[in-house]
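Written out below as structure tokens is the structure these notes cover.
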Amino acid sequence: MKLPSSGKVLVRWLKRRLPATLFARSLLIIVLPVALMQIAVTYVFFDAHWQTVTARLSEGLAGDIAWAVETYKDDPGPESFARLSQRAEDSMGLSIALQPGRRLPLKRRDPPVLLEAFFAPIDRSLDRALSERLDAPFWFDTTRYPAYVDIRVGVQGGVMRVLAPRERAFATQGHIFVLWMTVATVLLTAVALLFIRNQVRAIERLASAAEAFGRGHDAPAFKPHGAREVRAAANAFLDMRGRIQRHIEQRTALLASVSHDLRTPLTRLKLALALSEPNKRTAEMKRDLAEMEHMVDEYLAFARGEGGEAAETLRLRPLIEAVSEGARALGAQVTVRADPDLEATARPNALKRALANLVLNAAAHGERVEVSAQRVSGAAVEITVDDDGPGIPAEQHEEAFKAFARLDASRNQNTKGVGLGLAIARDVARGHGGDITLDRSPLGGLRAVVRLPG
């Protein structure tokens, strides 16, 4: 069933307002129903029980006061009033006093703002009961005395004042019920917090271990924790990590064998050409052999990737300067801007290989190269390589990162290249948990931005 547009808007609004973390959502799932249940139970208690009991008590108190007023009207003498007061004190717990010449107060005393919602039902119940039982004007105050209710009734010649115990006017144990409900809610919420925090911590550990593995960092202390499903996911992650590590080790061993097998015949060919009589054909063969050796090196570098190298904290300025020397050897004017104390956590050889590909590529296609490094949001680091070469059109930026991609002639002046430089650089950056993006350089050529996480 499809929701109407207003329903979809409401659902989107709710999704935006809901908490984003698993801990907050789990807490909401547990605490919200408990809180709603407590509110409903409290409301039912006050509406169906507390107010009913209060109304019955108010009616009983109003009946006793009406009896006292009627008895005094029948015999207003001092001796009769004394007997009335004594009987009310002994049998009903009421303190009755006659105040000759007094008048009823003009208005009632307002309860405190915080207690207004609590006293309003009491006042309404007592006012309704007294109005039904008394024909004379009356006034009462439920807030002045902590243990008593002050009720005054206009009689002939003055005012009859009645001090009644508070428990005779309304049920005084309602706040105890609310207190117990509040304490129970707090205890249940605290228990829920402990259990949810324990379960979420297991998921956070799994996420941290996966993120560390994605950056090439090892997490040997990681062990499955938490609920059965979380432990199953952690065990699956450990199995996957083991398979990937075995695959990398097998690939590295295979590449070492291939490298040895390929370099041996290449070395024999180079030796044979060196011993041959120099001529035009041998010169062409030497160029082809050098190009073949370069291509093999690039293929192996691309396939080797990060090679299991351990990550470490290193200073970027010396690494960038070392890479820039190779670009200067090609005749390019290289400028380096980086704080000498700027550090990043990376695999030194892999990062050097990626930066070398970017800087040498910039030097091969331009005369001016600018390399800068700076810390950006949080602990992340950005390394920017600019050149004044022909650049790459924006629609071909993603194509340039593909392995063996051959772009237009403006970026393919280096005939020795096989289209793996940017692919290797991006592979290294993503292996560190970062990425590489291309843009238009302020120098007029290509800008490559390497972003490394903190």
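Scheme for the structure tokens: letters A, B, ... for chains in order shown; per-chain residue numbers from 1; ligand numbers from 1 in order shown.
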Select from region 338-415 of chain A everything DSSP, run on the backbone, classes as helix (DSSP H, G or I), then give the selection as a PyMOL selection string.
-> chain A and resi 348-365+394-400+409-411
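Distances here use only C-alpha atoms; by that measure, the residue among A:Leu316, A:Ala97, A:Met37, A:Leu61 closest to Pro348 (chain A) is A:Leu316.
All residues within region 176-370 of chain A that the backbone DSSP calculation assigns to strand (DSSP E) are Glu312, Thr313, Leu314, Arg315, Gln333, Val334, Thr335, Val336, Arg337, Ala338, Glu343, Ala344, Thr345, Ala346, Arg368, Val369 and Glu370 of chain A.
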May I have the residues within 7 Å of region 441-452 of chain A as a short mmCIF file (atom, residue, chain, number, x, y, z; two decimals) with N, CA, C and O atoms, in the first residue's frame, using only C-alpha atoms and disregarding those fewer than 3 positions away in the same chain?
```
data_model
loop_
_atom_site.label_atom_id
_atom_site.label_comp_id
_atom_site.auth_asym_id
_atom_site.auth_seq_id
_atom_site.Cartn_x
_atom_site.Cartn_y
_atom_site.Cartn_z
N ALA A 380 42.88 14.65 9.51
CA ALA A 380 43.13 14.29 8.12
C ALA A 380 44.21 15.19 7.52
O ALA A 380 44.41 16.34 7.93
N VAL A 381 44.90 14.65 6.51
CA VAL A 381 45.98 15.38 5.84
C VAL A 381 45.71 15.37 4.34
O VAL A 381 45.28 14.35 3.78
N GLU A 382 45.95 16.50 3.68
CA GLU A 382 45.81 16.61 2.23
C GLU A 382 47.15 16.97 1.62
O GLU A 382 47.82 17.91 2.07
N ILE A 383 47.53 16.22 0.58
CA ILE A 383 48.74 16.50 -0.19
C ILE A 383 48.29 16.86 -1.59
O ILE A 383 47.62 16.07 -2.27
N THR A 384 48.66 18.06 -2.05
CA THR A 384 48.22 18.57 -3.35
C THR A 384 49.40 18.69 -4.30
O THR A 384 50.45 19.22 -3.93
N VAL A 385 49.21 18.16 -5.51
CA VAL A 385 50.24 18.23 -6.56
C VAL A 385 49.66 19.00 -7.74
O VAL A 385 48.68 18.56 -8.36
N ASP A 386 50.25 20.18 -8.06
CA ASP A 386 49.80 21.02 -9.17
C ASP A 386 50.88 21.08 -10.24
O ASP A 386 52.08 21.06 -9.94
N ASP A 387 50.42 21.17 -11.49
CA ASP A 387 51.37 21.37 -12.59
C ASP A 387 50.77 22.35 -13.59
O ASP A 387 49.57 22.66 -13.54
N ASP A 388 51.61 22.85 -14.50
CA ASP A 388 51.15 23.81 -15.52
C ASP A 388 51.07 23.16 -16.89
O ASP A 388 51.19 23.83 -17.91
N GLY A 389 50.88 21.84 -16.91
CA GLY A 389 50.79 21.13 -18.18
C GLY A 389 49.43 21.28 -18.85
O GLY A 389 48.63 22.15 -18.48
N PRO A 390 49.15 20.42 -19.82
CA PRO A 390 47.89 20.53 -20.57
C PRO A 390 46.67 20.12 -19.76
O PRO A 390 45.54 20.47 -20.12
N GLY A 391 46.84 19.37 -18.67
CA GLY A 391 45.70 18.96 -17.85
C GLY A 391 44.90 17.83 -18.47
O GLY A 391 45.22 17.32 -19.55
N ILE A 392 43.84 17.47 -17.78
CA ILE A 392 42.92 16.41 -18.24
C ILE A 392 41.50 16.97 -18.18
O ILE A 392 41.12 17.57 -17.16
N ALA A 429 46.31 5.19 -1.95
CA ALA A 429 45.54 6.12 -1.11
C ALA A 429 44.32 5.43 -0.50
O ALA A 429 44.05 5.59 0.70
N HIS A 432 45.04 3.22 2.36
CA HIS A 432 45.23 3.92 3.62
C HIS A 432 43.92 4.45 4.19
O HIS A 432 43.92 5.11 5.24
N GLY A 433 42.80 4.17 3.53
CA GLY A 433 41.52 4.71 3.98
C GLY A 433 41.21 6.08 3.44
O GLY A 433 40.26 6.72 3.88
N GLY A 434 42.00 6.56 2.49
CA GLY A 434 41.77 7.88 1.89
C GLY A 434 41.35 7.77 0.44
O GLY A 434 40.76 6.78 0.02
N ASP A 435 41.73 8.78 -0.36
CA ASP A 435 41.36 8.76 -1.78
C ASP A 435 42.16 9.84 -2.50
O ASP A 435 42.84 10.67 -1.87
N ILE A 436 42.06 9.82 -3.83
CA ILE A 436 42.69 10.84 -4.68
C ILE A 436 41.62 11.42 -5.59
O ILE A 436 40.82 10.68 -6.17
N THR A 437 41.61 12.73 -5.72
CA THR A 437 40.69 13.41 -6.62
C THR A 437 41.49 14.30 -7.56
O THR A 437 42.58 14.77 -7.21
N LEU A 438 40.95 14.52 -8.75
CA LEU A 438 41.58 15.38 -9.75
C LEU A 438 40.75 16.63 -9.95
O LEU A 438 39.52 16.61 -9.82
#
```
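Of the listed residues (A:Arg87, A:Arg12, A:Arg103, A:Arg56), A:Arg56 comes nearest to Arg128 (chain A); the distances count only C-alpha atoms.
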Non-local contacts of Pro100 (chain A) (7 Å; only C-alpha atoms; under 4 positions in same chain excluded) as an mmCIF file with C-alpha atoms, in the first residue's frame:
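The file below, selection-v1.cif, is the result:
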```
data_model
loop_
_atom_site.group_PDB
_atom_site.id
_atom_site.type_symbol
_atom_site.label_atom_id
_atom_site.label_comp_id
_atom_site.auth_asym_id
_atom_site.auth_seq_id
_atom_site.Cartn_x
_atom_site.Cartn_y
_atom_site.Cartn_z
ATOM 1 C CA GLY A 157 -22.976 36.537 63.790
ATOM 2 C CA GLY A 158 -19.626 35.456 62.423
ATOM 3 C CA VAL A 159 -17.633 32.628 60.871
#
```
Straight-line distance linking CA of Gly326 (chain A) with CA of Leu360 (chain A), stated in Å to one decimal | 7.1 Å
So which residues touch Gly421 (chain A) within 8 Å, counting only C-alpha atoms, skipping near sequence neighbours fewer than 4 positions away, as number ranges by chain?
-> A: 354, 357-358, 361, 417, 425
Could you write those residues out with N, CA, C and O atoms, as a tab-separated table (two decimals), in the first residue's frame?
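Contents of the output file selection-v4.tsv:
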```tsv
chain	number	residue	atom	x	y	z
A	354	ALA	N	53.28	6.22	-4.45
A	354	ALA	CA	52.12	6.95	-4.96
A	354	ALA	C	52.47	8.41	-5.27
A	354	ALA	O	52.11	8.94	-6.33
A	357	ASN	N	54.65	8.72	-8.37
A	357	ASN	CA	53.88	8.63	-9.61
A	357	ASN	C	53.20	9.96	-9.95
A	357	ASN	O	53.19	10.40	-11.11
A	358	LEU	N	52.63	10.62	-8.92
A	358	LEU	CA	51.93	11.88	-9.16
A	358	LEU	C	52.90	13.00	-9.53
A	358	LEU	O	52.67	13.76	-10.48
A	361	ASN	N	54.65	12.32	-12.87
A	361	ASN	CA	53.68	12.52	-13.94
A	361	ASN	C	53.49	14.01	-14.22
A	361	ASN	O	53.40	14.44	-15.37
A	417	GLY	N	55.29	5.19	-20.39
A	417	GLY	CA	54.19	4.91	-19.48
A	417	GLY	C	53.22	3.89	-20.05
A	417	GLY	O	53.06	3.77	-21.26
A	425	ALA	N	48.55	5.09	-7.65
A	425	ALA	CA	48.43	6.12	-6.62
A	425	ALA	C	47.09	6.02	-5.91
A	425	ALA	O	47.02	6.10	-4.67
```
Do a neighbour search on Ala35 (chain A) at 12 Å with only C-alpha atoms, toss out local chain neighbours closer than 4 positions, and write the hits as number ranges by chain.
-> A: 27-31, 39-42, 181-186, 188-189
Atom-to-atom span, CA of Ala209 (chain A) and CA of Lys15 (chain A), Å | 28.8 Å
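Shortest separation to Ala346 (chain A) among A:Leu18, A:Leu314, A:Ala221, A:Val69 occurs at residue A:Leu314, atoms counted being only C-alpha atoms.
Computed from the coordinates, the CA of Val359 (chain A) to CA of Ile320 (chain A) distance equals 9.1 Å.
Non-sequential neighbours of Val200 (chain A) (distance at most 12 Å, separation of 4 or more positions within a chain, only C-alpha atoms) are Thr21, Leu22, Phe23, Ala24, Arg25, Ser26, Leu27, Ala192, Leu193, Leu194, Phe195, Ile196, Glu204, Arg205, Leu206, Ala207, His225, Gly226, Ala227 and Val230 of chain A.
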Those same residues, written as a PDB file, in the first residue's frame with N, CA, C and O atoms?
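For reference, selection_9.pdb as written:
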```pdb
ATOM      1  N   THR A  21      22.679   7.134  16.023  1.00  0.00           N
ATOM      2  CA  THR A  21      23.513   6.059  16.542  1.00  0.00           C
ATOM      3  C   THR A  21      22.669   4.869  16.984  1.00  0.00           C
ATOM      4  O   THR A  21      21.519   5.017  17.376  1.00  0.00           O
ATOM      5  N   LEU A  22      23.279   3.679  16.934  1.00  0.00           N
ATOM      6  CA  LEU A  22      22.602   2.460  17.363  1.00  0.00           C
ATOM      7  C   LEU A  22      22.281   2.517  18.853  1.00  0.00           C
ATOM      8  O   LEU A  22      21.214   2.069  19.285  1.00  0.00           O
ATOM      9  N   PHE A  23      23.197   3.085  19.643  1.00  0.00           N
ATOM     10  CA  PHE A  23      22.972   3.191  21.088  1.00  0.00           C
ATOM     11  C   PHE A  23      21.727   4.027  21.380  1.00  0.00           C
ATOM     12  O   PHE A  23      20.857   3.623  22.156  1.00  0.00           O
ATOM     13  N   ALA A  24      21.630   5.185  20.751  1.00  0.00           N
ATOM     14  CA  ALA A  24      20.486   6.063  21.004  1.00  0.00           C
ATOM     15  C   ALA A  24      19.186   5.432  20.507  1.00  0.00           C
ATOM     16  O   ALA A  24      18.150   5.526  21.169  1.00  0.00           O
ATOM     17  N   ARG A  25      19.236   4.769  19.356  1.00  0.00           N
ATOM     18  CA  ARG A  25      18.016   4.149  18.836  1.00  0.00           C
ATOM     19  C   ARG A  25      17.569   2.976  19.705  1.00  0.00           C
ATOM     20  O   ARG A  25      16.372   2.811  19.977  1.00  0.00           O
ATOM     21  N   SER A  26      18.530   2.165  20.161  1.00  0.00           N
ATOM     22  CA  SER A  26      18.177   1.046  21.033  1.00  0.00           C
ATOM     23  C   SER A  26      17.596   1.557  22.348  1.00  0.00           C
ATOM     24  O   SER A  26      16.621   1.008  22.870  1.00  0.00           O
ATOM     25  N   LEU A  27      18.210   2.608  22.877  1.00  0.00           N
ATOM     26  CA  LEU A  27      17.699   3.192  24.121  1.00  0.00           C
ATOM     27  C   LEU A  27      16.289   3.734  23.919  1.00  0.00           C
ATOM     28  O   LEU A  27      15.421   3.577  24.788  1.00  0.00           O
ATOM     29  N   ALA A 192      18.818  -0.813  31.386  1.00  0.00           N
ATOM     30  CA  ALA A 192      18.816  -0.814  29.919  1.00  0.00           C
ATOM     31  C   ALA A 192      20.073  -0.146  29.369  1.00  0.00           C
ATOM     32  O   ALA A 192      20.663  -0.618  28.384  1.00  0.00           O
ATOM     33  N   LEU A 193      20.510   0.939  30.006  1.00  0.00           N
ATOM     34  CA  LEU A 193      21.730   1.620  29.560  1.00  0.00           C
ATOM     35  C   LEU A 193      22.943   0.694  29.643  1.00  0.00           C
ATOM     36  O   LEU A 193      23.764   0.643  28.720  1.00  0.00           O
ATOM     37  N   LEU A 194      23.060  -0.034  30.745  1.00  0.00           N
ATOM     38  CA  LEU A 194      24.194  -0.936  30.916  1.00  0.00           C
ATOM     39  C   LEU A 194      24.206  -2.026  29.839  1.00  0.00           C
ATOM     40  O   LEU A 194      25.241  -2.298  29.218  1.00  0.00           O
ATOM     41  N   PHE A 195      23.055  -2.657  29.608  1.00  0.00           N
ATOM     42  CA  PHE A 195      22.997  -3.735  28.636  1.00  0.00           C
ATOM     43  C   PHE A 195      23.215  -3.217  27.218  1.00  0.00           C
ATOM     44  O   PHE A 195      23.944  -3.830  26.418  1.00  0.00           O
ATOM     45  N   ILE A 196      22.586  -2.107  26.877  1.00  0.00           N
ATOM     46  CA  ILE A 196      22.732  -1.567  25.514  1.00  0.00           C
ATOM     47  C   ILE A 196      24.165  -1.115  25.275  1.00  0.00           C
ATOM     48  O   ILE A 196      24.740  -1.353  24.216  1.00  0.00           O
ATOM     49  N   GLU A 204      30.982  -1.568  18.098  1.00  0.00           N
ATOM     50  CA  GLU A 204      31.980  -0.526  17.858  1.00  0.00           C
ATOM     51  C   GLU A 204      33.374  -1.133  17.712  1.00  0.00           C
ATOM     52  O   GLU A 204      34.174  -0.698  16.886  1.00  0.00           O
ATOM     53  N   ARG A 205      33.680  -2.157  18.529  1.00  0.00           N
ATOM     54  CA  ARG A 205      34.976  -2.824  18.393  1.00  0.00           C
ATOM     55  C   ARG A 205      35.107  -3.490  17.022  1.00  0.00           C
ATOM     56  O   ARG A 205      36.172  -3.435  16.382  1.00  0.00           O
ATOM     57  N   LEU A 206      34.031  -4.130  16.582  1.00  0.00           N
ATOM     58  CA  LEU A 206      34.057  -4.767  15.269  1.00  0.00           C
ATOM     59  C   LEU A 206      34.264  -3.732  14.174  1.00  0.00           C
ATOM     60  O   LEU A 206      35.059  -3.937  13.242  1.00  0.00           O
ATOM     61  N   ALA A 207      33.569  -2.594  14.276  1.00  0.00           N
ATOM     62  CA  ALA A 207      33.728  -1.538  13.273  1.00  0.00           C
ATOM     63  C   ALA A 207      35.145  -0.978  13.283  1.00  0.00           C
ATOM     64  O   ALA A 207      35.735  -0.718  12.227  1.00  0.00           O
ATOM     65  N   HIS A 225      32.960 -10.362  20.778  1.00  0.00           N
ATOM     66  CA  HIS A 225      32.245 -10.096  22.028  1.00  0.00           C
ATOM     67  C   HIS A 225      30.783  -9.833  21.698  1.00  0.00           C
ATOM     68  O   HIS A 225      30.401  -9.656  20.552  1.00  0.00           O
ATOM     69  N   GLY A 226      29.964  -9.786  22.753  1.00  0.00           N
ATOM     70  CA  GLY A 226      28.580  -9.381  22.599  1.00  0.00           C
ATOM     71  C   GLY A 226      27.626 -10.528  22.344  1.00  0.00           C
ATOM     72  O   GLY A 226      27.892 -11.692  22.662  1.00  0.00           O
ATOM     73  N   ALA A 227      26.495 -10.186  21.761  1.00  0.00           N
ATOM     74  CA  ALA A 227      25.441 -11.159  21.497  1.00  0.00           C
ATOM     75  C   ALA A 227      25.881 -12.166  20.437  1.00  0.00           C
ATOM     76  O   ALA A 227      26.901 -11.988  19.754  1.00  0.00           O
ATOM     77  N   VAL A 230      26.299 -10.724  16.972  1.00  0.00           N
ATOM     78  CA  VAL A 230      27.487  -9.873  16.845  1.00  0.00           C
ATOM     79  C   VAL A 230      28.742 -10.727  16.808  1.00  0.00           C
ATOM     80  O   VAL A 230      29.670 -10.464  16.025  1.00  0.00           O
TER      81      VAL A 230
END
```
